[in-house]
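With mmCIF, C-alpha atoms inside, this is data-v2.cif:
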```cif
data_final
#
loop_
_atom_site.group_PDB
_atom_site.id
_atom_site.type_symbol
_atom_site.label_atom_id
_atom_site.label_comp_id
_atom_site.auth_asym_id
_atom_site.auth_seq_id
_atom_site.Cartn_x
_atom_site.Cartn_y
_atom_site.Cartn_z
ATOM 1 C CA MET A 29 -32.640 16.742 10.927
ATOM 2 C CA THR A 30 -31.608 13.230 10.056
ATOM 3 C CA SER A 31 -27.984 12.550 9.377
ATOM 4 C CA PRO A 32 -27.622 10.101 6.524
ATOM 5 C CA GLN A 33 -25.609 6.937 6.871
ATOM 6 C CA PRO A 34 -22.600 7.411 4.620
ATOM 7 C CA ARG A 35 -22.143 4.615 2.111
ATOM 8 C CA ILE A 36 -18.641 3.231 2.324
ATOM 9 C CA GLY A 37 -17.383 0.674 -0.170
ATOM 10 C CA VAL A 38 -15.111 -2.096 1.107
ATOM 11 C CA LEU A 39 -13.192 -3.676 -1.740
ATOM 12 C CA ARG A 40 -12.798 -7.447 -1.752
ATOM 13 C CA PHE A 41 -9.844 -8.922 -3.558
ATOM 14 C CA PRO A 42 -9.019 -12.620 -3.674
ATOM 15 C CA GLY A 43 -6.588 -13.056 -0.800
ATOM 16 C CA ALA A 44 -7.991 -10.225 1.300
ATOM 17 C CA CYS A 45 -8.510 -11.179 4.937
ATOM 18 C CA ASP A 46 -9.548 -8.013 6.775
ATOM 19 C CA ASP A 47 -12.525 -7.101 4.630
ATOM 20 C CA ARG A 48 -15.081 -8.367 7.146
ATOM 21 C CA ASP A 49 -13.338 -6.663 10.067
ATOM 22 C CA ALA A 50 -13.373 -3.366 8.175
ATOM 23 C CA PHE A 51 -17.032 -3.893 7.246
ATOM 24 C CA TRP A 52 -17.982 -4.670 10.841
ATOM 25 C CA ALA A 53 -15.997 -1.760 12.287
ATOM 26 C CA LEU A 54 -17.449 0.760 9.829
ATOM 27 C CA ALA A 55 -20.992 -0.440 10.542
ATOM 28 C CA GLY A 56 -20.273 0.228 14.210
ATOM 29 C CA PHE A 57 -19.754 3.910 13.434
ATOM 30 C CA ASP A 58 -23.148 4.184 11.817
ATOM 31 C CA ALA A 59 -21.925 3.914 8.260
ATOM 32 C CA GLU A 60 -23.472 1.677 5.651
ATOM 33 C CA PRO A 61 -20.609 -0.501 4.444
ATOM 34 C CA ILE A 62 -21.006 -2.110 1.038
ATOM 35 C CA PHE A 63 -18.770 -4.872 -0.270
ATOM 36 C CA VAL A 64 -17.395 -4.277 -3.762
ATOM 37 C CA TRP A 65 -16.083 -7.347 -5.572
ATOM 38 C CA HIS A 66 -12.781 -6.890 -7.396
ATOM 39 C CA THR A 67 -14.275 -7.662 -10.815
ATOM 40 C CA GLU A 68 -16.777 -4.807 -10.647
ATOM 41 C CA THR A 69 -16.029 -2.222 -13.292
ATOM 42 C CA GLU A 70 -18.126 0.465 -11.631
ATOM 43 C CA LEU A 71 -18.545 1.453 -8.004
ATOM 44 C CA PRO A 72 -22.022 1.810 -6.573
ATOM 45 C CA ASP A 73 -22.984 5.258 -5.287
ATOM 46 C CA LEU A 74 -20.440 5.727 -2.457
ATOM 47 C CA ASP A 75 -19.251 8.453 -0.098
ATOM 48 C CA ALA A 76 -15.915 6.762 0.629
ATOM 49 C CA VAL A 77 -13.923 3.644 -0.234
ATOM 50 C CA VAL A 78 -11.838 1.455 2.064
ATOM 51 C CA LEU A 79 -9.209 -0.935 0.717
ATOM 52 C CA PRO A 80 -8.780 -3.513 3.477
ATOM 53 C CA GLY A 81 -5.747 -5.526 4.442
ATOM 54 C CA GLY A 82 -4.783 -8.978 3.297
ATOM 55 C CA PHE A 83 -2.691 -10.557 0.607
ATOM 56 C CA SER A 84 -4.451 -9.666 -2.612
ATOM 57 C CA TYR A 85 -3.629 -12.088 -5.430
ATOM 58 C CA GLY A 86 -1.109 -13.760 -3.139
ATOM 59 C CA ASP A 87 0.999 -10.591 -3.167
ATOM 60 C CA TYR A 88 2.671 -12.106 -6.234
ATOM 61 C CA LEU A 89 5.452 -10.108 -7.894
ATOM 62 C CA ARG A 90 5.277 -7.258 -5.353
ATOM 63 C CA CYS A 91 2.645 -6.620 -2.712
ATOM 64 C CA GLY A 92 -0.249 -4.756 -4.301
ATOM 65 C CA ALA A 93 1.223 -4.959 -7.792
ATOM 66 C CA ILE A 94 -1.445 -7.241 -9.268
ATOM 67 C CA ALA A 95 -4.450 -5.826 -7.403
ATOM 68 C CA ARG A 96 -3.686 -2.495 -8.919
ATOM 69 C CA PHE A 97 -4.958 -3.831 -12.258
ATOM 70 C CA ALA A 98 -8.232 -5.207 -10.888
ATOM 71 C CA PRO A 99 -11.243 -3.699 -12.699
ATOM 72 C CA ALA A 100 -12.554 -2.310 -9.409
ATOM 73 C CA MET A 101 -9.258 -0.491 -8.874
ATOM 74 C CA GLU A 102 -9.716 1.422 -12.106
ATOM 75 C CA ALA A 103 -13.046 2.564 -10.727
ATOM 76 C CA VAL A 104 -11.322 3.545 -7.459
ATOM 77 C CA VAL A 105 -8.746 5.580 -9.399
ATOM 78 C CA ASP A 106 -11.609 7.470 -11.072
ATOM 79 C CA PHE A 107 -13.373 7.878 -7.724
ATOM 80 C CA ALA A 108 -10.203 9.361 -6.191
ATOM 81 C CA ALA A 109 -9.668 11.606 -9.206
ATOM 82 C CA GLY A 110 -13.140 13.010 -8.578
ATOM 83 C CA GLY A 111 -12.137 13.866 -5.009
ATOM 84 C CA GLY A 112 -13.686 10.796 -3.348
ATOM 85 C CA LEU A 113 -12.296 9.656 -0.002
ATOM 86 C CA VAL A 114 -10.143 6.532 -0.210
ATOM 87 C CA LEU A 115 -8.506 4.842 2.772
ATOM 88 C CA GLY A 116 -6.034 1.996 2.259
ATOM 89 C CA ILE A 117 -5.146 -0.190 5.209
ATOM 90 C CA CYS A 118 -2.027 -2.379 5.095
ATOM 91 C CA ASN A 119 -2.361 -4.255 1.787
ATOM 92 C CA GLY A 120 -4.721 -1.455 0.761
ATOM 93 C CA PHE A 121 -1.877 1.032 1.363
ATOM 94 C CA GLN A 122 0.457 -1.154 -0.703
ATOM 95 C CA ILE A 123 -2.074 -1.256 -3.546
ATOM 96 C CA LEU A 124 -2.556 2.531 -3.480
ATOM 97 C CA CYS A 125 1.221 3.024 -3.706
ATOM 98 C CA GLU A 126 1.514 0.591 -6.621
ATOM 99 C CA ALA A 127 -1.428 2.313 -8.318
ATOM 100 C CA GLY A 128 0.366 5.648 -8.028
ATOM 101 C CA LEU A 129 -2.408 7.140 -5.877
ATOM 102 C CA LEU A 130 -0.008 7.468 -2.952
ATOM 103 C CA PRO A 131 3.697 8.292 -2.923
ATOM 104 C CA GLY A 132 6.422 5.796 -2.055
ATOM 105 C CA VAL A 133 6.547 2.032 -1.895
ATOM 106 C CA LEU A 134 6.266 -0.617 0.830
ATOM 107 C CA ARG A 135 9.214 -2.965 0.968
ATOM 108 C CA ARG A 136 10.078 -6.091 2.907
ATOM 109 C CA ASN A 137 10.556 -5.357 6.607
ATOM 110 C CA GLU A 138 14.150 -4.599 7.480
ATOM 111 C CA SER A 139 14.197 -7.538 9.911
ATOM 112 C CA LEU A 140 12.710 -9.873 7.257
ATOM 113 C CA SER A 141 10.306 -10.916 10.012
ATOM 114 C CA PHE A 142 6.562 -10.583 9.978
ATOM 115 C CA VAL A 143 5.656 -8.004 12.638
ATOM 116 C CA CYS A 144 2.416 -8.555 14.522
ATOM 117 C CA ARG A 145 1.904 -6.398 17.621
ATOM 118 C CA ASP A 146 0.422 -3.192 18.979
ATOM 119 C CA VAL A 147 2.557 -0.186 18.078
ATOM 120 C CA PRO A 148 2.501 3.437 19.225
ATOM 121 C CA LEU A 149 1.775 5.956 16.475
ATOM 122 C CA VAL A 150 2.185 9.711 16.562
ATOM 123 C CA VAL A 151 -0.465 11.745 14.749
ATOM 124 C CA GLU A 152 1.273 14.395 12.649
ATOM 125 C CA ARG A 153 -1.867 15.914 11.184
ATOM 126 C CA SER A 154 -5.408 16.211 12.452
ATOM 127 C CA ASP A 155 -6.667 18.267 9.524
ATOM 128 C CA THR A 156 -7.075 15.419 7.041
ATOM 129 C CA PRO A 157 -10.519 13.827 6.519
ATOM 130 C CA PHE A 158 -9.037 10.658 8.043
ATOM 131 C CA THR A 159 -7.823 12.159 11.315
ATOM 132 C CA THR A 160 -10.327 14.858 12.268
ATOM 133 C CA ARG A 161 -11.036 13.138 15.571
ATOM 134 C CA CYS A 162 -7.357 12.919 16.498
ATOM 135 C CA GLU A 163 -5.113 15.631 17.857
ATOM 136 C CA GLU A 164 -1.713 16.553 16.529
ATOM 137 C CA GLY A 165 0.977 14.922 18.613
ATOM 138 C CA GLN A 166 -1.490 12.396 20.026
ATOM 139 C CA VAL A 167 -0.080 8.898 20.456
ATOM 140 C CA LEU A 168 -2.387 6.116 19.275
ATOM 141 C CA THR A 169 -1.968 2.417 19.989
ATOM 142 C CA ILE A 170 -2.965 0.372 16.951
ATOM 143 C CA PRO A 171 -1.754 -3.080 15.875
ATOM 144 C CA VAL A 172 0.342 -3.800 12.800
ATOM 145 C CA LYS A 173 0.598 -7.196 11.126
ATOM 146 C CA HIS A 174 2.720 -7.175 8.026
ATOM 147 C CA GLY A 175 5.847 -8.515 6.408
ATOM 148 C CA GLU A 176 6.144 -5.647 3.970
ATOM 149 C CA GLY A 177 5.533 -2.346 5.704
ATOM 150 C CA ASN A 178 8.918 -0.781 5.213
ATOM 151 C CA TRP A 179 7.887 2.453 3.501
ATOM 152 C CA TYR A 180 10.442 4.106 1.269
ATOM 153 C CA ALA A 181 10.793 7.241 -0.813
ATOM 154 C CA ASP A 182 13.967 8.727 -2.238
ATOM 155 C CA ASP A 183 15.384 11.950 -0.747
ATOM 156 C CA GLU A 184 13.771 14.228 -3.291
ATOM 157 C CA LEU A 185 10.327 12.685 -2.921
ATOM 158 C CA TYR A 186 10.571 12.632 0.856
ATOM 159 C CA ALA A 187 11.505 16.328 0.965
ATOM 160 C CA GLU A 188 8.474 17.062 -1.212
ATOM 161 C CA LEU A 189 6.196 15.102 1.094
ATOM 162 C CA GLN A 190 7.578 16.836 4.153
ATOM 163 C CA ALA A 191 7.090 20.246 2.566
ATOM 164 C CA GLY A 192 3.545 19.301 1.562
ATOM 165 C CA ARG A 193 2.802 17.876 5.059
ATOM 166 C CA GLN A 194 1.819 14.550 3.561
ATOM 167 C CA ILE A 195 3.147 12.399 6.395
ATOM 168 C CA VAL A 196 0.139 11.783 8.636
ATOM 169 C CA LEU A 197 1.319 9.059 11.018
ATOM 170 C CA ARG A 198 4.705 7.945 12.288
ATOM 171 C CA TYR A 199 5.698 5.025 14.460
ATOM 172 C CA ALA A 200 6.937 6.179 17.863
ATOM 173 C CA GLU A 201 9.424 3.292 17.876
ATOM 174 C CA ALA A 202 11.289 1.185 15.313
ATOM 175 C CA VAL A 203 8.823 -1.240 13.706
ATOM 176 C CA ASN A 204 9.843 -2.269 10.210
ATOM 177 C CA GLY A 205 12.675 -0.068 8.957
ATOM 178 C CA SER A 206 10.295 2.451 7.419
ATOM 179 C CA LEU A 207 12.020 5.666 6.300
ATOM 180 C CA ASN A 208 11.827 8.155 9.188
ATOM 181 C CA ASP A 209 9.268 5.839 10.833
ATOM 182 C CA VAL A 210 6.548 6.775 8.368
ATOM 183 C CA ALA A 211 3.386 4.752 9.058
ATOM 184 C CA GLY A 212 0.780 6.639 7.051
ATOM 185 C CA VAL A 213 0.724 9.157 4.213
ATOM 186 C CA VAL A 214 -1.874 11.199 2.403
ATOM 187 C CA ASN A 215 -1.899 12.329 -1.219
ATOM 188 C CA GLU A 216 -1.300 15.945 -2.192
ATOM 189 C CA ARG A 217 -5.003 16.660 -2.568
ATOM 190 C CA GLY A 218 -5.727 15.145 0.832
ATOM 191 C CA ASN A 219 -8.479 12.710 -0.197
ATOM 192 C CA VAL A 220 -6.468 9.464 -0.325
ATOM 193 C CA MET A 221 -4.675 8.037 2.696
ATOM 194 C CA GLY A 222 -2.824 4.825 3.361
ATOM 195 C CA LEU A 223 -1.495 3.377 6.602
ATOM 196 C CA MET A 224 0.104 0.094 7.586
ATOM 197 C CA PRO A 225 -1.481 -0.234 11.069
ATOM 198 C CA HIS A 226 -4.991 -1.689 11.313
ATOM 199 C CA PRO A 227 -7.507 0.720 12.865
ATOM 200 C CA GLU A 228 -10.291 -1.820 12.242
ATOM 201 C CA HIS A 229 -8.592 -4.177 14.702
ATOM 202 C CA ALA A 230 -8.569 -1.529 17.441
ATOM 203 C CA VAL A 231 -12.120 -0.268 17.786
ATOM 204 C CA ASP A 232 -12.964 -1.563 21.261
ATOM 205 C CA SER A 233 -11.023 -1.824 24.486
ATOM 206 C CA LEU A 234 -11.831 -5.545 24.433
ATOM 207 C CA LEU A 235 -9.527 -5.756 21.408
ATOM 208 C CA GLY A 236 -6.697 -4.181 23.396
ATOM 209 C CA SER A 237 -7.201 -0.643 22.148
ATOM 210 C CA ALA A 238 -9.985 1.539 20.848
ATOM 211 C CA ASP A 239 -7.654 4.092 19.244
ATOM 212 C CA GLY A 240 -8.359 2.838 15.729
ATOM 213 C CA ALA A 241 -11.899 4.095 16.261
ATOM 214 C CA LEU A 242 -10.555 7.662 16.078
ATOM 215 C CA ILE A 243 -9.375 7.088 12.529
ATOM 216 C CA LEU A 244 -12.353 5.098 11.266
ATOM 217 C CA SER A 245 -14.895 7.416 12.861
ATOM 218 C CA SER A 246 -13.053 10.365 11.282
ATOM 219 C CA VAL A 247 -13.483 8.695 7.897
ATOM 220 C CA VAL A 248 -17.164 7.983 8.555
ATOM 221 C CA GLU A 249 -17.802 11.558 9.701
ATOM 222 C CA SER A 250 -15.987 13.027 6.714
ATOM 223 C CA ALA A 251 -17.963 10.734 4.421
ATOM 224 C CA ARG A 252 -21.196 11.761 6.183
ATOM 225 C CA GLU A 253 -20.433 15.438 5.628
ATOM 226 C CA ARG A 254 -19.945 14.704 1.972
ATOM 227 C CA ALA A 255 -23.173 12.720 1.822
ATOM 228 C CA VAL A 256 -25.015 15.667 3.396
ATOM 229 C CA ALA A 257 -23.378 18.104 1.015
ATOM 230 C CA ILE A 258 -24.498 16.023 -1.942
ATOM 231 C CA VAL A 259 -28.063 15.643 -0.623
ATOM 232 C CA MET B 185 11.045 -14.504 -29.128
ATOM 233 C CA LYS B 186 12.356 -15.454 -25.714
ATOM 234 C CA ALA B 187 13.190 -12.677 -23.313
ATOM 235 C CA THR B 188 14.692 -12.668 -19.866
ATOM 236 C CA VAL B 189 14.117 -9.760 -17.521
ATOM 237 C CA LEU B 190 16.438 -9.255 -14.575
ATOM 238 C CA VAL B 191 14.945 -7.056 -11.870
ATOM 239 C CA ARG B 192 17.320 -5.826 -9.198
ATOM 240 C CA PRO B 193 17.073 -3.616 -6.136
ATOM 241 C CA LYS B 194 18.501 -0.259 -7.200
ATOM 242 C CA HIS B 195 21.954 0.690 -6.067
ATOM 243 C CA GLY B 196 21.826 2.137 -2.561
ATOM 244 C CA ILE B 197 18.421 0.616 -1.778
ATOM 245 C CA LEU B 198 18.472 -1.502 1.353
ATOM 246 C CA ASP B 199 18.155 -5.191 0.501
ATOM 247 C CA PRO B 200 17.551 -7.130 3.714
ATOM 248 C CA GLN B 201 17.185 -10.411 1.805
ATOM 249 C CA GLY B 202 20.609 -9.932 0.268
ATOM 250 C CA GLN B 203 22.044 -9.099 3.674
ATOM 251 C CA ALA B 204 20.535 -12.208 5.257
ATOM 252 C CA VAL B 205 21.843 -14.460 2.500
ATOM 253 C CA GLU B 206 25.250 -12.801 2.666
ATOM 254 C CA SER B 207 25.479 -13.404 6.389
ATOM 255 C CA SER B 208 24.469 -17.065 5.922
ATOM 256 C CA LEU B 209 27.117 -17.510 3.247
ATOM 257 C CA ARG B 210 29.698 -16.023 5.614
ATOM 258 C CA GLN B 211 28.630 -18.454 8.315
ATOM 259 C CA LEU B 212 29.297 -21.236 5.834
ATOM 260 C CA GLY B 213 32.817 -19.904 5.467
ATOM 261 C CA PHE B 214 32.492 -18.126 2.128
ATOM 262 C CA ALA B 215 34.234 -14.782 1.809
ATOM 263 C CA VAL B 216 31.405 -12.810 0.195
ATOM 264 C CA ASP B 217 30.303 -9.221 0.170
ATOM 265 C CA LYS B 218 27.473 -7.148 -1.252
ATOM 266 C CA ALA B 219 25.008 -9.943 -1.963
ATOM 267 C CA ARG B 220 21.886 -8.529 -3.580
ATOM 268 C CA ILE B 221 18.731 -10.419 -4.440
ATOM 269 C CA GLY B 222 16.553 -9.662 -7.408
ATOM 270 C CA ARG B 223 14.129 -11.516 -9.600
ATOM 271 C CA VAL B 224 14.248 -13.255 -12.980
ATOM 272 C CA VAL B 225 11.276 -13.243 -15.327
ATOM 273 C CA ASP B 226 11.493 -15.511 -18.382
ATOM 274 C CA LEU B 227 8.884 -14.961 -21.017
ATOM 275 C CA GLU B 228 8.106 -15.325 -24.686
ATOM 276 C CA VAL B 229 6.980 -12.314 -26.579
ATOM 277 C CA GLU B 230 5.386 -12.113 -29.988
ATOM 278 C CA ALA B 231 7.302 -9.613 -32.044
ATOM 279 C CA THR B 232 8.576 -9.279 -35.571
ATOM 280 C CA ASP B 233 12.128 -8.326 -34.625
ATOM 281 C CA ALA B 234 14.400 -7.780 -31.650
ATOM 282 C CA THR B 235 13.858 -4.029 -31.541
ATOM 283 C CA ALA B 236 10.104 -4.411 -31.329
ATOM 284 C CA ALA B 237 10.452 -7.190 -28.756
ATOM 285 C CA ARG B 238 12.721 -5.092 -26.574
ATOM 286 C CA ALA B 239 10.365 -2.124 -26.727
ATOM 287 C CA GLU B 240 7.474 -4.373 -25.750
ATOM 288 C CA VAL B 241 9.326 -5.883 -22.781
ATOM 289 C CA GLU B 242 10.428 -2.422 -21.680
ATOM 290 C CA ARG B 243 6.793 -1.386 -21.490
ATOM 291 C CA MET B 244 6.103 -4.485 -19.395
ATOM 292 C CA CYS B 245 8.882 -3.496 -17.014
ATOM 293 C CA GLU B 246 7.666 0.081 -16.692
ATOM 294 C CA GLN B 247 4.054 -0.930 -16.111
ATOM 295 C CA LEU B 248 4.363 -4.028 -13.977
ATOM 296 C CA LEU B 249 7.546 -6.076 -13.729
ATOM 297 C CA ALA B 250 9.637 -3.493 -11.870
ATOM 298 C CA ASN B 251 8.816 -0.678 -9.482
ATOM 299 C CA PRO B 252 11.010 2.180 -10.716
ATOM 300 C CA LEU B 253 11.227 3.706 -7.230
ATOM 301 C CA ILE B 254 13.303 0.847 -5.916
ATOM 302 C CA GLU B 255 14.157 -1.496 -8.778
ATOM 303 C CA SER B 256 16.183 -1.401 -11.959
ATOM 304 C CA TYR B 257 15.834 -3.881 -14.785
ATOM 305 C CA GLU B 258 17.798 -5.392 -17.634
ATOM 306 C CA ILE B 259 16.366 -7.140 -20.659
ATOM 307 C CA GLU B 260 18.062 -9.974 -22.506
ATOM 308 C CA LEU B 261 16.668 -11.269 -25.770
ATOM 309 C CA ALA B 262 17.408 -14.666 -27.272
ATOM 310 C CA GLU B 263 16.686 -15.514 -30.896
ATOM 311 C CA PRO B 264 14.582 -18.674 -31.148
ATOM 312 C CA GLN B 265 16.785 -21.706 -31.803
ATOM 313 C CA THR B 266 16.067 -23.392 -35.122
#
```
Can you present the structure in this file as structure tokens?
Amino acid sequence: MTSPQPRIGVLRFPGACDDRDAFWALAGFDAEPIFVWHTETELPDLDAVVLPGGFSYGDYLRCGAIARFAPAMEAVVDFAAGGGLVLGICNGFQILCEAGLLPGVLRRNESLSFVCRDVPLVVERSDTPFTTRCEEGQVLTIPVKHGEGNWYADDELYAELQAGRQIVLRYAEAVNGSLNDVAGVVNERGNVMGLMPHPEHAVDSLLGSADGALILSSVVESARERAVAIV
Amino acid sequence: MKATVLVRPKHGILDPQGQAVESSLRQLGFAVDKARIGRVVDLEVEATDATAARAEVERMCEQLLANPLIESYEIELAEPQT
């Protein structure tokens, strides 16, 4: 039996800078990454979508606020509504929050400083399509590099997310002022996830850590299962 | 019609920029407290009257100019000077 290469779209916005890293990392897990330009109004036939990091549209107004209106994002909203897997990394997380696909908002870091270093992350859930290869309670080392990663939700929303087990990753130390050290969240349906750390920058021990591989290979495997199911 | 939108961090929302500016002002010797930093958007809107213009700018705020989770907004309208 041949296992198909899942087709994973990598969105490219003007101002993105991690699109090639995400493309390269996904290809390394035997996926077929496909770049999708921001002006595309329709997505090609895909098993998952990754929104990479960067500074889409200069992060004008608020980070992610302009990218949300890109034609390709409307297609991503439809894709997510149909149950498609969507992973947002860093700026991709910010865009998903602005688009209303994920709860909360990413604000300026509490320190006002850009944070660029490896951080420890605790996996809160291993039963999402994005973390199947992780274990609950596992500590991953993955780099962050952001000025606006300070996730926030009001008390009511946060209580809802806790009850719905939508917090997937937390920082194991203070990083950016994020509410209760939230580093990654999933939507209620479980098919859209965003995280500030960059798994695509941690896929080989030569890069300092290979822990990001656990997340990206989870995504690829989940996408492959879907591809098989469709075939 | 000219409109000015003031976007502010909501009450109770941490505003590290405001805090940093406040601490700098204190270092300069000013007795200040509770500095908060927001954003001003000046724009011209095509509308027949002030009510319609305000409604239009409100939609802009809800959809793009402010993030209701963390920001509040105020709209000021100015009649065109003749």
Name the closest residue to chain A among the candidates B:Leu209, B:Val191, B:Ile221, B:Leu248; distances are taken between atoms, counting all atoms listed in the file.
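The closest residue to chain A is B:Leu248.
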Could you tell me which residues the PyMOL selection byres ((chain A) within 12 of (chain B)) grabs in this file, written as a PyMOL selection string?
chain A and resi 88-97+125-128+131-141+176+178-185+204-207
Output for the residues just chosen: C-alpha atoms as a compact mmCIF listing (two decimals), in the coordinates of the input:
```txt
# COMPACT_ATOMS: atom_id res chain seq x y z
CA TYR A 88 2.67 -12.11 -6.23
CA LEU A 89 5.45 -10.11 -7.89
CA ARG A 90 5.28 -7.26 -5.35
CA CYS A 91 2.64 -6.62 -2.71
CA GLY A 92 -0.25 -4.76 -4.30
CA ALA A 93 1.22 -4.96 -7.79
CA ILE A 94 -1.44 -7.24 -9.27
CA ALA A 95 -4.45 -5.83 -7.40
CA ARG A 96 -3.69 -2.50 -8.92
CA PHE A 97 -4.96 -3.83 -12.26
CA CYS A 125 1.22 3.02 -3.71
CA GLU A 126 1.51 0.59 -6.62
CA ALA A 127 -1.43 2.31 -8.32
CA GLY A 128 0.37 5.65 -8.03
CA PRO A 131 3.70 8.29 -2.92
CA GLY A 132 6.42 5.80 -2.06
CA VAL A 133 6.55 2.03 -1.90
CA LEU A 134 6.27 -0.62 0.83
CA ARG A 135 9.21 -2.96 0.97
CA ARG A 136 10.08 -6.09 2.91
CA ASN A 137 10.56 -5.36 6.61
CA GLU A 138 14.15 -4.60 7.48
CA SER A 139 14.20 -7.54 9.91
CA LEU A 140 12.71 -9.87 7.26
CA SER A 141 10.31 -10.92 10.01
CA GLU A 176 6.14 -5.65 3.97
CA ASN A 178 8.92 -0.78 5.21
CA TRP A 179 7.89 2.45 3.50
CA TYR A 180 10.44 4.11 1.27
CA ALA A 181 10.79 7.24 -0.81
CA ASP A 182 13.97 8.73 -2.24
CA ASP A 183 15.38 11.95 -0.75
CA GLU A 184 13.77 14.23 -3.29
CA LEU A 185 10.33 12.68 -2.92
CA ASN A 204 9.84 -2.27 10.21
CA GLY A 205 12.68 -0.07 8.96
CA SER A 206 10.30 2.45 7.42
CA LEU A 207 12.02 5.67 6.30
```
Applied to the shown file, which residues does the PyMOL selection byres ((chain A and resi 51) around 10) return, written as a ChimeraX atom specification?
/A:36-39,46-50,52-56,59-63,78,80,228
Residues just named, written with C-alpha atoms as a PDB file, keeping the file's coordinate frame:
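again39.pdb written:
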```pdb
ATOM      1  CA  ILE A  36     -18.641   3.231   2.324  1.00  0.00           C
ATOM      2  CA  GLY A  37     -17.383   0.674  -0.170  1.00  0.00           C
ATOM      3  CA  VAL A  38     -15.111  -2.096   1.107  1.00  0.00           C
ATOM      4  CA  LEU A  39     -13.192  -3.676  -1.740  1.00  0.00           C
ATOM      5  CA  ASP A  46      -9.548  -8.013   6.775  1.00  0.00           C
ATOM      6  CA  ASP A  47     -12.525  -7.101   4.630  1.00  0.00           C
ATOM      7  CA  ARG A  48     -15.081  -8.367   7.146  1.00  0.00           C
ATOM      8  CA  ASP A  49     -13.338  -6.663  10.067  1.00  0.00           C
ATOM      9  CA  ALA A  50     -13.373  -3.366   8.175  1.00  0.00           C
ATOM     10  CA  TRP A  52     -17.982  -4.670  10.841  1.00  0.00           C
ATOM     11  CA  ALA A  53     -15.997  -1.760  12.287  1.00  0.00           C
ATOM     12  CA  LEU A  54     -17.449   0.760   9.829  1.00  0.00           C
ATOM     13  CA  ALA A  55     -20.992  -0.440  10.542  1.00  0.00           C
ATOM     14  CA  GLY A  56     -20.273   0.228  14.210  1.00  0.00           C
ATOM     15  CA  ALA A  59     -21.925   3.914   8.260  1.00  0.00           C
ATOM     16  CA  GLU A  60     -23.472   1.677   5.651  1.00  0.00           C
ATOM     17  CA  PRO A  61     -20.609  -0.501   4.444  1.00  0.00           C
ATOM     18  CA  ILE A  62     -21.006  -2.110   1.038  1.00  0.00           C
ATOM     19  CA  PHE A  63     -18.770  -4.872  -0.270  1.00  0.00           C
ATOM     20  CA  VAL A  78     -11.838   1.455   2.064  1.00  0.00           C
ATOM     21  CA  PRO A  80      -8.780  -3.513   3.477  1.00  0.00           C
ATOM     22  CA  GLU A 228     -10.291  -1.820  12.242  1.00  0.00           C
TER      23      GLU A 228
END
```
Need to verify the contact set: Ala231 (chain B), 7 Å, all atoms listed in the file, exclusion of same-chain residues closer than 3 positions in sequence. Can you return it as a count of residues only?
3
Which neighbours of Gly212 (chain A) fall inside 12 Å, counting only C-alpha atoms, when residues of the same chain fewer than 4 positions from it are skipped, and could you give them as a short mmCIF file (atom, residue, chain, number, x, y, z; two decimals) with C-alpha atoms, in the coordinates of the input?
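Saved file part-v5.cif follows:
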```cif
data_model
loop_
_atom_site.label_atom_id
_atom_site.label_comp_id
_atom_site.auth_asym_id
_atom_site.auth_seq_id
_atom_site.Cartn_x
_atom_site.Cartn_y
_atom_site.Cartn_z
CA LEU A 115 -8.51 4.84 2.77
CA GLY A 116 -6.03 2.00 2.26
CA ILE A 117 -5.15 -0.19 5.21
CA CYS A 118 -2.03 -2.38 5.10
CA GLY A 120 -4.72 -1.46 0.76
CA PHE A 121 -1.88 1.03 1.36
CA GLN A 122 0.46 -1.15 -0.70
CA LEU A 124 -2.56 2.53 -3.48
CA CYS A 125 1.22 3.02 -3.71
CA LEU A 130 -0.01 7.47 -2.95
CA PRO A 131 3.70 8.29 -2.92
CA GLY A 132 6.42 5.80 -2.06
CA VAL A 133 6.55 2.03 -1.90
CA LEU A 134 6.27 -0.62 0.83
CA LEU A 149 1.78 5.96 16.48
CA VAL A 150 2.18 9.71 16.56
CA VAL A 151 -0.46 11.74 14.75
CA GLU A 152 1.27 14.40 12.65
CA ARG A 153 -1.87 15.91 11.18
CA THR A 156 -7.08 15.42 7.04
CA PHE A 158 -9.04 10.66 8.04
CA THR A 159 -7.82 12.16 11.32
CA VAL A 172 0.34 -3.80 12.80
CA GLY A 177 5.53 -2.35 5.70
CA ASN A 178 8.92 -0.78 5.21
CA TRP A 179 7.89 2.45 3.50
CA TYR A 180 10.44 4.11 1.27
CA LEU A 189 6.20 15.10 1.09
CA ARG A 193 2.80 17.88 5.06
CA GLN A 194 1.82 14.55 3.56
CA ILE A 195 3.15 12.40 6.40
CA VAL A 196 0.14 11.78 8.64
CA LEU A 197 1.32 9.06 11.02
CA ARG A 198 4.70 7.94 12.29
CA TYR A 199 5.70 5.03 14.46
CA SER A 206 10.30 2.45 7.42
CA LEU A 207 12.02 5.67 6.30
CA ASN A 208 11.83 8.15 9.19
CA VAL A 220 -6.47 9.46 -0.32
CA MET A 221 -4.68 8.04 2.70
CA GLY A 222 -2.82 4.82 3.36
CA LEU A 223 -1.50 3.38 6.60
CA MET A 224 0.10 0.09 7.59
CA PRO A 225 -1.48 -0.23 11.07
CA HIS A 226 -4.99 -1.69 11.31
CA PRO A 227 -7.51 0.72 12.86
CA ILE A 243 -9.38 7.09 12.53
#
```
Among A:Ser250, A:Thr169, A:Ser84, A:Gln190, Pro32 (chain A) is approached most closely, using all atoms listed in the file, by A:Ser250
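Note that the spacing between CA of Gly110 (chain A) and CA of Cys245 (chain B) amounts to 28.8 Å.
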Residues returned when the PyMOL selection byres ((chain B and resi 256-259) around 7) runs on this file, as a PyMOL selection string
chain B and resi 187-194+250+252+255+260-261
For a test of reading the model, state the distance in Å between CA of Asp239 (chain A) and CA of Gly165 (chain A), rounded to one decimal.
13.9 Å
